[in-house]
Each structure stands twice: as C-alpha cells, then as structure tokens.
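Containing mmCIF, C-alpha atoms: data14.cif.
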data_coords
#
loop_
_atom_site.group_PDB
_atom_site.id
_atom_site.type_symbol
_atom_site.label_atom_id
_atom_site.label_comp_id
_atom_site.auth_asym_id
_atom_site.auth_seq_id
_atom_site.Cartn_x
_atom_site.Cartn_y
_atom_site.Cartn_z
ATOM 1 C CA LYS Z 2 0.000 0.000 0.000
ATOM 2 C CA VAL Z 3 1.146 3.552 -0.771
ATOM 3 C CA SER Z 4 -0.408 6.616 0.856
ATOM 4 C CA ALA Z 5 2.552 8.996 0.785
ATOM 5 C CA CYS Z 6 0.799 11.642 -1.330
ATOM 6 C CA ASN Z 7 -2.339 13.530 -0.372
ATOM 7 C CA PRO Z 8 -5.371 13.329 -2.628
ATOM 8 C CA GLY Z 9 -5.877 16.250 -4.969
ATOM 9 C CA HIS Z 10 -7.115 17.480 -8.317
ATOM 10 C CA SER Z 11 -5.654 15.824 -11.394
ATOM 11 C CA SER Z 12 -5.078 19.226 -13.027
ATOM 12 C CA MET Z 13 -2.217 19.909 -10.606
ATOM 13 C CA PRO Z 14 -0.344 16.605 -10.232
ATOM 14 C CA PRO Z 15 2.826 16.352 -8.109
ATOM 15 C CA SER Z 16 6.045 14.943 -9.529
ATOM 16 C CA GLU Z 17 5.161 11.596 -7.958
ATOM 17 C CA THR Z 18 1.780 10.024 -7.234
ATOM 18 C CA ASN Z 19 0.756 7.102 -5.080
ATOM 19 C CA ILE Z 20 -0.054 5.117 -8.203
ATOM 20 C CA GLY Z 21 3.338 5.890 -9.733
ATOM 21 C CA ILE Z 22 5.219 4.913 -6.576
ATOM 22 C CA LEU Z 23 3.282 1.651 -6.357
ATOM 23 C CA ALA Z 24 3.791 0.927 -10.057
ATOM 24 C CA ARG Z 25 7.568 1.235 -9.679
ATOM 25 C CA ALA Z 26 7.472 -1.099 -6.671
ATOM 26 C CA ILE Z 27 5.540 -3.667 -8.696
ATOM 27 C CA GLN Z 28 7.990 -3.360 -11.569
ATOM 28 C CA ARG Z 29 10.968 -3.912 -9.260
ATOM 29 C CA LEU Z 30 9.457 -7.103 -7.884
ATOM 30 C CA GLU Z 31 8.687 -8.449 -11.341
ATOM 31 C CA ASP Z 32 12.186 -7.536 -12.535
ATOM 32 C CA HIS Z 33 13.795 -9.288 -9.547
ATOM 33 C CA PRO Z 34 12.046 -12.625 -8.943
ATOM 34 C CA PHE Z 35 13.065 -14.864 -6.065
ATOM 35 C CA PRO Z 36 16.272 -16.837 -6.692
ATOM 36 C CA PRO Z 37 15.774 -20.449 -7.834
ATOM 37 C CA ALA Z 38 16.711 -23.571 -5.866
ATOM 38 C CA LEU Z 39 17.479 -26.549 -8.109
ATOM 39 C CA ALA Z 40 18.472 -29.125 -5.484
ATOM 40 C CA GLY Z 41 14.946 -30.524 -5.168
ATOM 41 C CA PHE Z 42 14.531 -30.702 -8.933
ATOM 42 C CA PHE Z 43 17.721 -32.716 -9.396
ATOM 43 C CA ASN Z 44 16.806 -34.912 -6.439
ATOM 44 C CA GLY Z 45 13.491 -35.710 -8.117
ATOM 45 C CA LEU Z 46 15.201 -36.638 -11.382
ATOM 46 C CA SER Z 47 17.438 -39.075 -9.525
ATOM 47 C CA TYR Z 48 14.342 -41.199 -8.783
ATOM 48 C CA LEU Z 49 13.885 -41.865 -12.481
ATOM 49 C CA GLY Z 50 17.241 -43.672 -12.783
ATOM 50 C CA ASP Z 51 17.485 -45.883 -15.848
ATOM 51 C CA HIS Z 52 14.192 -44.564 -17.198
ATOM 52 C CA LEU Z 53 16.000 -41.372 -18.219
ATOM 53 C CA PRO Z 54 17.626 -41.116 -21.645
ATOM 54 C CA HIS Z 55 21.412 -41.377 -21.536
ATOM 55 C CA PHE Z 56 22.002 -37.654 -22.051
ATOM 56 C CA LEU Z 57 19.696 -36.771 -19.133
ATOM 57 C CA ARG Z 58 21.484 -39.256 -16.863
ATOM 58 C CA LEU Z 59 24.678 -37.473 -17.849
ATOM 59 C CA VAL Z 60 23.119 -34.131 -16.869
ATOM 60 C CA VAL Z 61 21.854 -35.411 -13.497
ATOM 61 C CA ASN Z 62 25.221 -36.926 -12.625
ATOM 62 C CA ASN Z 63 27.143 -33.788 -13.578
ATOM 63 C CA LYS Z 64 25.199 -30.937 -12.009
ATOM 64 C CA TRP Z 65 28.399 -28.944 -11.576
ATOM 65 C CA LEU Z 66 28.696 -28.742 -15.365
ATOM 66 C CA PHE Z 67 25.104 -28.649 -16.622
ATOM 67 C CA GLY Z 68 23.454 -26.842 -13.701
ATOM 68 C CA PRO Z 69 23.475 -23.372 -15.325
ATOM 69 C CA VAL Z 70 21.994 -24.739 -18.568
ATOM 70 C CA VAL Z 71 19.262 -26.632 -16.719
ATOM 71 C CA LYS Z 72 18.472 -23.531 -14.645
ATOM 72 C CA ASN Z 73 18.002 -21.404 -17.771
ATOM 73 C CA LEU Z 74 15.733 -24.025 -19.337
ATOM 74 C CA ILE Z 75 13.588 -24.335 -16.211
ATOM 75 C CA LEU Z 76 13.251 -20.580 -15.755
ATOM 76 C CA SER Z 77 12.331 -20.054 -19.414
ATOM 77 C CA LYS Z 78 8.779 -21.382 -18.823
ATOM 78 C CA PRO Z 79 6.390 -20.181 -16.089
ATOM 79 C CA GLN Z 80 5.108 -23.735 -15.594
ATOM 80 C CA THR Z 81 8.549 -25.075 -14.650
ATOM 81 C CA ALA Z 82 9.969 -21.924 -13.051
ATOM 82 C CA ALA Z 83 7.204 -22.060 -10.426
ATOM 83 C CA SER Z 84 8.544 -25.417 -9.181
ATOM 84 C CA VAL Z 85 12.001 -24.130 -8.227
ATOM 85 C CA ARG Z 86 11.382 -20.768 -6.545
ATOM 86 C CA THR Z 87 8.889 -18.650 -4.641
ATOM 87 C CA THR Z 88 6.517 -17.071 -7.130
ATOM 88 C CA THR Z 89 5.231 -13.490 -7.257
ATOM 89 C CA SER Z 90 1.812 -12.800 -8.783
ATOM 90 C CA PHE Z 91 0.029 -9.460 -8.568
ATOM 91 C CA THR Z 92 -3.669 -10.267 -8.561
ATOM 92 C CA ILE Z 93 -5.567 -7.171 -7.351
ATOM 93 C CA LEU Z 94 -4.946 -3.427 -7.799
ATOM 94 C CA ASN Z 95 -7.023 -0.730 -6.091
ATOM 95 C CA ALA Z 96 -6.571 3.029 -6.569
ATOM 96 C CA GLY Z 97 -8.825 5.948 -7.353
ATOM 97 C CA GLU Z 98 -12.553 6.349 -7.925
ATOM 98 C CA LYS Z 99 -12.850 9.396 -10.186
ATOM 99 C CA ILE Z 100 -10.955 10.196 -13.359
ATOM 100 C CA ASN Z 101 -10.148 13.769 -12.256
ATOM 101 C CA VAL Z 102 -9.033 13.046 -8.660
ATOM 102 C CA LEU Z 103 -5.606 11.885 -7.549
ATOM 103 C CA PRO Z 104 -6.152 8.994 -5.091
ATOM 104 C CA GLY Z 105 -4.870 9.331 -1.545
ATOM 105 C CA ALA Z 106 -3.869 5.658 -1.504
ATOM 106 C CA ALA Z 107 -2.976 2.872 -3.914
ATOM 107 C CA ARG Z 108 -2.980 -0.812 -3.022
ATOM 108 C CA ALA Z 109 -1.693 -3.949 -4.696
ATOM 109 C CA TYR Z 110 -2.279 -7.505 -3.540
ATOM 110 C CA VAL Z 111 0.405 -10.035 -4.346
ATOM 111 C CA ASN Z 112 0.087 -13.790 -4.096
ATOM 112 C CA HIS Z 113 3.327 -15.584 -3.185
ATOM 113 C CA ARG Z 114 3.559 -19.370 -3.451
ATOM 114 C CA ILE Z 115 6.451 -19.954 -1.069
ATOM 115 C CA HIS Z 116 9.148 -22.486 -1.919
ATOM 116 C CA PRO Z 117 10.050 -24.745 1.047
ATOM 117 C CA LEU Z 118 13.634 -23.471 1.089
ATOM 118 C CA ASP Z 119 12.396 -19.905 1.667
ATOM 119 C CA GLU Z 120 11.086 -21.093 5.047
ATOM 120 C CA GLY Z 121 8.093 -18.811 5.494
ATOM 121 C CA GLY Z 122 6.279 -15.525 5.110
ATOM 122 C CA ASP Z 123 8.636 -13.380 7.172
ATOM 123 C CA LYS Z 124 11.561 -14.246 4.935
ATOM 124 C CA VAL Z 125 9.468 -13.459 1.863
ATOM 125 C CA VAL Z 126 8.451 -10.058 3.259
ATOM 126 C CA GLU Z 127 12.097 -9.332 4.041
ATOM 127 C CA TYR Z 128 13.057 -10.069 0.430
ATOM 128 C CA VAL Z 129 10.203 -7.918 -0.902
ATOM 129 C CA ARG Z 130 11.291 -4.942 1.208
ATOM 130 C CA LYS Z 131 14.889 -5.377 0.073
ATOM 131 C CA VAL Z 132 13.886 -5.387 -3.604
ATOM 132 C CA ILE Z 133 11.421 -2.472 -3.437
ATOM 133 C CA ARG Z 134 13.804 -0.254 -1.434
ATOM 134 C CA ASP Z 135 11.168 2.382 -0.740
ATOM 135 C CA PRO Z 136 9.899 3.027 2.814
ATOM 136 C CA ARG Z 137 6.822 4.753 1.396
ATOM 137 C CA VAL Z 138 5.537 1.341 0.317
ATOM 138 C CA GLU Z 139 3.842 -0.335 3.289
ATOM 139 C CA ILE Z 140 4.031 -4.139 3.248
ATOM 140 C CA SER Z 141 1.749 -6.343 5.334
ATOM 141 C CA TYR Z 142 -0.197 -9.600 5.187
ATOM 142 C CA ALA Z 143 -3.617 -9.281 3.556
ATOM 143 C CA SER Z 144 -6.417 -9.320 6.122
ATOM 144 C CA PHE Z 145 -8.954 -11.127 3.919
ATOM 145 C CA ASP Z 146 -6.928 -14.336 3.567
ATOM 146 C CA ARG Z 147 -4.855 -15.756 6.381
ATOM 147 C CA TYR Z 148 -1.224 -16.592 5.738
ATOM 148 C CA VAL Z 149 -0.694 -20.322 5.163
ATOM 149 C CA PRO Z 150 2.672 -21.636 6.432
ATOM 150 C CA VAL Z 151 4.977 -23.509 4.082
ATOM 151 C CA SER Z 152 3.888 -27.130 3.713
ATOM 152 C CA PRO Z 153 6.130 -29.780 5.271
ATOM 153 C CA VAL Z 154 7.966 -32.027 2.800
ATOM 154 C CA SER Z 155 6.501 -35.530 2.760
ATOM 155 C CA PRO Z 156 8.837 -38.544 2.990
ATOM 156 C CA THR Z 157 9.221 -40.933 0.050
ATOM 157 C CA ASP Z 158 10.509 -44.013 1.906
ATOM 158 C CA THR Z 159 6.994 -45.015 2.960
ATOM 159 C CA ASN Z 160 4.316 -47.537 1.975
ATOM 160 C CA GLY Z 161 2.117 -44.660 0.889
ATOM 161 C CA PHE Z 162 4.591 -43.368 -1.671
ATOM 162 C CA ARG Z 163 5.396 -46.913 -2.849
ATOM 163 C CA VAL Z 164 1.697 -47.617 -3.453
ATOM 164 C CA ILE Z 165 1.468 -44.489 -5.595
ATOM 165 C CA GLU Z 166 4.514 -45.649 -7.584
ATOM 166 C CA GLU Z 167 2.941 -49.065 -8.141
ATOM 167 C CA CYS Z 168 -0.378 -47.643 -9.307
ATOM 168 C CA VAL Z 169 1.247 -45.126 -11.648
ATOM 169 C CA ALA Z 170 3.334 -47.888 -13.242
ATOM 170 C CA SER Z 171 0.274 -50.129 -13.571
ATOM 171 C CA VAL Z 172 -2.056 -47.571 -15.157
ATOM 172 C CA PHE Z 173 0.481 -45.664 -17.248
ATOM 173 C CA ASP Z 174 2.470 -48.444 -18.932
ATOM 174 C CA GLY Z 175 5.359 -48.675 -16.486
ATOM 175 C CA ALA Z 176 5.869 -44.930 -16.064
ATOM 176 C CA PRO Z 177 8.229 -44.100 -13.161
ATOM 177 C CA SER Z 178 7.370 -41.678 -10.343
ATOM 178 C CA MET Z 179 9.405 -38.842 -8.903
ATOM 179 C CA PRO Z 180 8.764 -36.418 -6.024
ATOM 180 C CA ALA Z 181 8.166 -32.821 -7.065
ATOM 181 C CA LEU Z 182 6.843 -29.576 -5.651
ATOM 182 C CA MET Z 183 3.077 -29.087 -5.669
ATOM 183 C CA ILE Z 184 2.695 -25.395 -6.513
ATOM 184 C CA GLY Z 185 -1.062 -25.146 -5.971
ATOM 185 C CA ASN Z 186 -2.719 -24.704 -2.601
ATOM 186 C CA THR Z 187 -4.703 -27.667 -1.254
ATOM 187 C CA ASP Z 188 -6.820 -28.613 1.752
ATOM 188 C CA THR Z 189 -4.072 -30.964 2.957
ATOM 189 C CA ARG Z 190 -2.997 -28.286 5.434
ATOM 190 C CA PHE Z 191 -5.864 -29.470 7.626
ATOM 191 C CA TYR Z 192 -4.211 -32.900 7.864
ATOM 192 C CA TRP Z 193 -0.673 -31.882 8.815
ATOM 193 C CA ASP Z 194 -1.249 -32.852 12.455
ATOM 194 C CA LEU Z 195 -2.696 -36.210 11.413
ATOM 195 C CA SER Z 196 0.116 -37.573 9.242
ATOM 196 C CA GLU Z 197 3.378 -36.571 7.585
ATOM 197 C CA ASN Z 198 2.623 -38.908 4.666
ATOM 198 C CA ILE Z 199 0.642 -36.467 2.531
ATOM 199 C CA TYR Z 200 1.009 -36.720 -1.246
ATOM 200 C CA ARG Z 201 -0.606 -33.999 -3.331
ATOM 201 C CA PHE Z 202 -0.963 -35.903 -6.583
ATOM 202 C CA SER Z 203 -3.518 -36.478 -9.338
ATOM 203 C CA PRO Z 204 -2.302 -38.377 -12.414
ATOM 204 C CA VAL Z 205 -3.714 -36.224 -15.203
ATOM 205 C CA VAL Z 206 -1.879 -36.478 -18.522
ATOM 206 C CA PHE Z 207 -1.414 -33.343 -20.633
ATOM 207 C CA GLU Z 208 -0.381 -33.232 -24.263
ATOM 208 C CA ASN Z 209 2.133 -30.484 -23.484
ATOM 209 C CA VAL Z 210 3.152 -28.256 -20.595
ATOM 210 C CA GLN Z 211 1.284 -25.284 -22.085
ATOM 211 C CA ASP Z 212 -2.007 -27.044 -21.276
ATOM 212 C CA THR Z 213 -1.478 -26.115 -17.631
ATOM 213 C CA SER Z 214 -2.295 -22.502 -18.549
ATOM 214 C CA MET Z 215 -6.004 -23.398 -18.548
ATOM 215 C CA PHE Z 216 -6.009 -23.875 -14.750
ATOM 216 C CA HIS Z 217 -8.454 -21.196 -13.483
ATOM 217 C CA GLY Z 218 -8.314 -19.917 -17.068
ATOM 218 C CA LEU Z 219 -10.025 -20.335 -20.433
ATOM 219 C CA ASN Z 220 -11.448 -23.652 -21.608
ATOM 220 C CA GLU Z 221 -10.466 -25.573 -18.451
ATOM 221 C CA ARG Z 222 -11.058 -29.236 -19.254
ATOM 222 C CA ILE Z 223 -9.877 -32.835 -19.060
ATOM 223 C CA SER Z 224 -9.909 -35.370 -21.890
ATOM 224 C CA ILE Z 225 -12.114 -38.473 -21.710
ATOM 225 C CA ASP Z 226 -9.045 -40.751 -21.840
ATOM 226 C CA ALA Z 227 -7.356 -38.830 -19.029
ATOM 227 C CA LEU Z 228 -10.527 -39.042 -16.920
ATOM 228 C CA ALA Z 229 -10.707 -42.815 -17.465
ATOM 229 C CA ASP Z 230 -7.060 -43.233 -16.394
ATOM 230 C CA LEU Z 231 -7.687 -41.034 -13.371
ATOM 231 C CA TYR Z 232 -10.599 -43.260 -12.324
ATOM 232 C CA GLN Z 233 -8.510 -46.422 -12.801
ATOM 233 C CA PHE Z 234 -5.635 -44.983 -10.782
ATOM 234 C CA TYR Z 235 -7.818 -44.171 -7.778
ATOM 235 C CA HIS Z 236 -9.577 -47.525 -8.025
ATOM 236 C CA ASP Z 237 -6.221 -49.323 -7.919
ATOM 237 C CA LEU Z 238 -4.869 -47.016 -5.204
ATOM 238 C CA LEU Z 239 -7.771 -47.641 -2.830
ATOM 239 C CA SER Z 240 -7.614 -51.383 -3.491
ATOM 240 C CA LYS Z 241 -3.889 -51.553 -2.736
ATOM 241 C CA VAL Z 242 -4.123 -49.331 0.348
ATOM 242 C CA LYS Z 243 -6.731 -51.688 1.762
ATOM 243 C CA GLU Z 244 -4.260 -54.574 1.397
ATOM 244 C CA LYS Z 245 -1.239 -52.771 2.875
ATOM 245 C CA THR Z 246 -0.191 -52.508 6.496
ATOM 246 C CA PHE Z 247 0.857 -48.931 7.353
#
Can you present the structure in this file as structure tokens?
Amino acid sequence: KVSACNPGHSSMPPSETNIGILARAIQRLEDHPFPPALAGFFNGLSYLGDHLPHFLRLVVNNKWLFGPVVKNLILSKPQTAASVRTTTSFTILNAGEKINVLPGAARAYVNHRIHPLDEGGDKVVEYVRKVIRDPRVEISYASFDRYVPVSPVSPTDTNGFRVIEECVASVFDGAPSMPALMIGNTDTRFYWDLSENIYRFSPVVFENVQDTSMFHGLNERISIDALADLYQFYHDLLSKVKEKTF
C-alpha cells in the first residue's frame, strides 16, 4: 500500500503520485524474482534412474557442469519456473474512484507461493522490502486471507509413496514416479497434524506443458481418456491401500 501523497485534483499533479510509486514497486518485484533452488529438482530426477535417456542421466550426474543450462531451461517457462522458486503474482490493484481526482492511496495484492527453502512468510516479506527499497511502500499480510505456512515435505521411503509408484506404473504403462513440488494450494494443510505422509498428486496427462495454462483460465477441461485413467488410478490405489499394512 502507498499513501505517501495527499489526494488532490488531477489538473495539478505532483512529480510523484501514489499510483506511480506503487507501479515502480511492482515493476521492481517483477524484474527481480526470487532466486531459484534446483536441489529438489535434481533430487526428483534421480528417482527416475534408468528410465532417463542417456544424455539426461549425464546431466543429473554432472550438475556442476550442466546446472546453469538446466536452470536457464527451467526458468524459461512459467510452468517449470514455479517449481524451483517462490513465485510473485500481482492479482488485485485498487486506486482511485474518479478520473479527475488523484487517489490518496494505492494498493496492490500479491500472491506468493512460497518455496520450502524460503522457510516462510517473514523471509518473503524481508526479500520484498529489500527489492522495493522504498519506505513509502507499506508491506503487510492481507487481512482477507490468512497466511498459510509452508507445507512440510513428505517422505518418500513409505508404503504410501510406494503404493502411488505401483499404481502409476500399472495404469500408465510402467511410467516411473518422482517427487516434485506441488505449486497449488490444497486442503491438505488441515491434515498436517494427522500424518506426515501427505502426497498432493492427481495423475492427469497433458499433451504439453502449455495445457497447464487453462487452470483457473479459459477452456479448463480434461480429456475423456485422461478421466478414465484417473478413475482407474484411484480404483487401484484404494484397493492396494486396503491390502497394505501402514
């Protein structure tokens, strides 16, 4: 929020306005995204083992050499960049009510999906302040939506994860499984005190990574074949869980 400038008539604007100050703050944040963390990505690839093509096994085993190339490739697409760093999305802007009046305040709401390595909201706010570098910009948690702590990382050496691996391989022609970051928010936060074995996973197949842009967007859909595989996966999962001892 910016309220450094008093409201006034648009015919006599000051050299800076609340909207202008806020706009520069927004631009700084978009120009300086959170730094990426590739350790989890490479760790996930290691689960694929011999299923990877030879050149990818070479990349995974030589991170010191190929790390910068992999980082550039991941960050080149929003869908993959979101899995390796805290994201910054401006979703709401509020300022002004009349075309001839300078507003006395300007507000922007930003949605951060916090990467586990960034620990929590306080560290994110600290980074935001450092990037904006303007004390006139007030930064606080939004009152209409409580802050959700960073989700704990679920273990993979468990029966639960192994059952998921088995069902994926069964339904999807031997496809391997790898742990990865779930970038969307889920209701699993209500189960954190119940179990650490929480796996945020739905096996929906997309033709290409660009199809993920329809989430909360235009023409959101799922193919009939993908829906049938999804049903079969959950049928097999529930059947196997019933047989397992946890």
(request) Find the residues around Pro69 in chain Z up to 12 Å (all atoms listed in the file counted), leave out those fewer than 6 positions away in its own chain, and share them as a ChimeraX atom specification. (result) /Z:37-39,60,63,75-76
Expected selection from the PyMOL selection byres ((chain Z and resi 242) around 12), given as number ranges by chain
Z: 160-165, 167-168, 235-241, 243-247
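Within the 9 Å cut-off around range 44-56 of chain Z, using all atoms listed in the file and omitting residues fewer than 5 positions from it on the same chain, the listed residues are Leu39, Val61, Asn62, Ala176, Pro177, Ser178, Met179, Pro180 and Ala181 of chain Z.
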Self-check item: Selection near Val149 in chain Z, 9 Å with only C-alpha atoms, sequence-local residues under 3 positions removed, as a PyMOL selection string
Solution: chain Z and resi 121-122+146+152+190
Could you write out as JSON the box around range 10-25 of chain Z (axis-aligned, all atoms listed in the file, 6 Å on each side), with centre and edge lengths in Å to one decimal?
{"center_x": 0.2, "center_y": 10.4, "center_z": -9.1, "size_x": 26.7, "size_y": 31.0, "size_z": 19.9}
Name the residues in contact with Pro156 in chain Z at a cut-off of 10 Å, using all atoms listed in the file, excluding same-chain residues fewer than 2 positions from it; report them as a VMD selection string. chain Z and resid 153 to 154 158 to 159 161 to 162 180 197 to 200
With the input short on atoms, add all heavy atoms back to range 212-223 of chain Z and write it as a PDB file, in the frame of the given file.
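Contents of the output file out20.pdb:
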ATOM      1  N   ASP Z 212      -0.624 -26.776 -21.658  1.00  0.00           N
ATOM      2  CA  ASP Z 212      -2.007 -27.044 -21.276  1.00  0.00           C
ATOM      3  C   ASP Z 212      -2.296 -26.630 -19.839  1.00  0.00           C
ATOM      4  O   ASP Z 212      -3.459 -26.428 -19.473  1.00  0.00           O
ATOM      5  CB  ASP Z 212      -2.313 -28.536 -21.441  1.00  0.00           C
ATOM      6  CG  ASP Z 212      -2.562 -28.921 -22.894  1.00  0.00           C
ATOM      7  OD1 ASP Z 212      -2.712 -28.007 -23.717  1.00  0.00           O
ATOM      8  OD2 ASP Z 212      -2.598 -30.124 -23.196  1.00  0.00           O
ATOM      9  N   THR Z 213      -1.255 -26.514 -19.015  1.00  0.00           N
ATOM     10  CA  THR Z 213      -1.478 -26.115 -17.631  1.00  0.00           C
ATOM     11  C   THR Z 213      -1.972 -24.668 -17.522  1.00  0.00           C
ATOM     12  O   THR Z 213      -2.459 -24.261 -16.464  1.00  0.00           O
ATOM     13  CB  THR Z 213      -0.190 -26.270 -16.807  1.00  0.00           C
ATOM     14  OG1 THR Z 213       0.862 -25.495 -17.401  1.00  0.00           O
ATOM     15  CG2 THR Z 213       0.243 -27.732 -16.745  1.00  0.00           C
ATOM     16  N   SER Z 214      -1.851 -23.896 -18.590  1.00  0.00           N
ATOM     17  CA  SER Z 214      -2.295 -22.502 -18.549  1.00  0.00           C
ATOM     18  C   SER Z 214      -3.808 -22.377 -18.424  1.00  0.00           C
ATOM     19  O   SER Z 214      -4.324 -21.310 -18.103  1.00  0.00           O
ATOM     20  CB  SER Z 214      -1.831 -21.755 -19.806  1.00  0.00           C
ATOM     21  OG  SER Z 214      -2.423 -22.321 -20.969  1.00  0.00           O
ATOM     22  N   MET Z 215      -4.543 -23.483 -18.661  1.00  0.00           N
ATOM     23  CA  MET Z 215      -6.004 -23.398 -18.548  1.00  0.00           C
ATOM     24  C   MET Z 215      -6.490 -23.530 -17.107  1.00  0.00           C
ATOM     25  O   MET Z 215      -7.670 -23.328 -16.836  1.00  0.00           O
ATOM     26  CB  MET Z 215      -6.663 -24.476 -19.417  1.00  0.00           C
ATOM     27  CG  MET Z 215      -6.371 -25.897 -19.008  1.00  0.00           C
ATOM     28  SD  MET Z 215      -7.118 -27.046 -20.183  1.00  0.00           S
ATOM     29  CE  MET Z 215      -6.331 -28.584 -19.699  1.00  0.00           C
ATOM     30  N   PHE Z 216      -5.596 -23.831 -16.148  1.00  0.00           N
ATOM     31  CA  PHE Z 216      -6.009 -23.875 -14.750  1.00  0.00           C
ATOM     32  C   PHE Z 216      -6.558 -22.503 -14.345  1.00  0.00           C
ATOM     33  O   PHE Z 216      -5.865 -21.489 -14.459  1.00  0.00           O
ATOM     34  CB  PHE Z 216      -4.843 -24.234 -13.835  1.00  0.00           C
ATOM     35  CG  PHE Z 216      -4.309 -25.629 -14.040  1.00  0.00           C
ATOM     36  CD1 PHE Z 216      -3.057 -25.977 -13.584  1.00  0.00           C
ATOM     37  CD2 PHE Z 216      -5.060 -26.589 -14.694  1.00  0.00           C
ATOM     38  CE1 PHE Z 216      -2.555 -27.264 -13.769  1.00  0.00           C
ATOM     39  CE2 PHE Z 216      -4.575 -27.875 -14.891  1.00  0.00           C
ATOM     40  CZ  PHE Z 216      -3.324 -28.217 -14.429  1.00  0.00           C
ATOM     41  N   HIS Z 217      -7.784 -22.453 -13.846  1.00  0.00           N
ATOM     42  CA  HIS Z 217      -8.454 -21.196 -13.483  1.00  0.00           C
ATOM     43  C   HIS Z 217      -8.504 -20.237 -14.681  1.00  0.00           C
ATOM     44  O   HIS Z 217      -8.633 -19.023 -14.504  1.00  0.00           O
ATOM     45  CB  HIS Z 217      -7.747 -20.487 -12.327  1.00  0.00           C
ATOM     46  CG  HIS Z 217      -7.821 -21.244 -11.032  1.00  0.00           C
ATOM     47  ND1 HIS Z 217      -8.785 -22.179 -10.763  1.00  0.00           N
ATOM     48  CD2 HIS Z 217      -7.045 -21.189  -9.926  1.00  0.00           C
ATOM     49  CE1 HIS Z 217      -8.612 -22.674  -9.558  1.00  0.00           C
ATOM     50  NE2 HIS Z 217      -7.556 -22.103  -9.021  1.00  0.00           N
ATOM     51  N   GLY Z 218      -8.361 -20.774 -15.883  1.00  0.00           N
ATOM     52  CA  GLY Z 218      -8.314 -19.917 -17.068  1.00  0.00           C
ATOM     53  C   GLY Z 218      -9.387 -20.294 -18.076  1.00  0.00           C
ATOM     54  O   GLY Z 218     -10.463 -20.792 -17.732  1.00  0.00           O
ATOM     55  N   LEU Z 219      -9.072 -20.088 -19.356  1.00  0.00           N
ATOM     56  CA  LEU Z 219     -10.025 -20.335 -20.433  1.00  0.00           C
ATOM     57  C   LEU Z 219     -10.054 -21.813 -20.804  1.00  0.00           C
ATOM     58  O   LEU Z 219      -9.033 -22.491 -20.829  1.00  0.00           O
ATOM     59  CB  LEU Z 219      -9.638 -19.501 -21.663  1.00  0.00           C
ATOM     60  CG  LEU Z 219      -9.629 -17.975 -21.473  1.00  0.00           C
ATOM     61  CD1 LEU Z 219      -9.143 -17.287 -22.750  1.00  0.00           C
ATOM     62  CD2 LEU Z 219     -11.016 -17.463 -21.085  1.00  0.00           C
ATOM     63  N   ASN Z 220     -11.249 -22.303 -21.086  1.00  0.00           N
ATOM     64  CA  ASN Z 220     -11.448 -23.652 -21.608  1.00  0.00           C
ATOM     65  C   ASN Z 220     -10.827 -24.718 -20.699  1.00  0.00           C
ATOM     66  O   ASN Z 220     -10.188 -25.661 -21.169  1.00  0.00           O
ATOM     67  CB  ASN Z 220     -10.863 -23.754 -23.029  1.00  0.00           C
ATOM     68  CG  ASN Z 220     -11.410 -24.960 -23.786  1.00  0.00           C
ATOM     69  OD1 ASN Z 220     -12.465 -25.503 -23.437  1.00  0.00           O
ATOM     70  ND2 ASN Z 220     -10.694 -25.375 -24.808  1.00  0.00           N
ATOM     71  N   GLU Z 221     -10.991 -24.575 -19.398  1.00  0.00           N
ATOM     72  CA  GLU Z 221     -10.466 -25.573 -18.451  1.00  0.00           C
ATOM     73  C   GLU Z 221     -11.195 -26.897 -18.689  1.00  0.00           C
ATOM     74  O   GLU Z 221     -12.425 -26.944 -18.721  1.00  0.00           O
ATOM     75  CB  GLU Z 221     -10.663 -25.092 -17.017  1.00  0.00           C
ATOM     76  CG  GLU Z 221      -9.926 -25.931 -15.996  1.00  0.00           C
ATOM     77  CD  GLU Z 221      -9.916 -25.280 -14.620  1.00  0.00           C
ATOM     78  OE1 GLU Z 221     -10.656 -24.293 -14.423  1.00  0.00           O
ATOM     79  OE2 GLU Z 221      -9.172 -25.747 -13.747  1.00  0.00           O
ATOM     80  N   ARG Z 222     -10.438 -27.984 -18.831  1.00  0.00           N
ATOM     81  CA  ARG Z 222     -11.058 -29.236 -19.254  1.00  0.00           C
ATOM     82  C   ARG Z 222     -10.136 -30.415 -18.945  1.00  0.00           C
ATOM     83  O   ARG Z 222      -8.981 -30.232 -18.559  1.00  0.00           O
ATOM     84  CB  ARG Z 222     -11.326 -29.203 -20.764  1.00  0.00           C
ATOM     85  CG  ARG Z 222     -10.054 -29.177 -21.593  1.00  0.00           C
ATOM     86  CD  ARG Z 222     -10.307 -28.770 -23.035  1.00  0.00           C
ATOM     87  NE  ARG Z 222      -9.072 -28.829 -23.819  1.00  0.00           N
ATOM     88  CZ  ARG Z 222      -8.151 -27.877 -23.837  1.00  0.00           C
ATOM     89  NH1 ARG Z 222      -8.319 -26.768 -23.108  1.00  0.00           N
ATOM     90  NH2 ARG Z 222      -7.065 -27.998 -24.571  1.00  0.00           N
ATOM     91  N   ILE Z 223     -10.661 -31.610 -19.148  1.00  0.00           N
ATOM     92  CA  ILE Z 223      -9.877 -32.835 -19.060  1.00  0.00           C
ATOM     93  C   ILE Z 223     -10.385 -33.772 -20.158  1.00  0.00           C
ATOM     94  O   ILE Z 223     -11.594 -33.831 -20.416  1.00  0.00           O
ATOM     95  CB  ILE Z 223      -9.992 -33.485 -17.663  1.00  0.00           C
ATOM     96  CG1 ILE Z 223      -9.107 -34.725 -17.560  1.00  0.00           C
ATOM     97  CG2 ILE Z 223     -11.429 -33.833 -17.331  1.00  0.00           C
ATOM     98  CD1 ILE Z 223      -9.057 -35.319 -16.160  1.00  0.00           C
TER      99      ILE Z 223
END
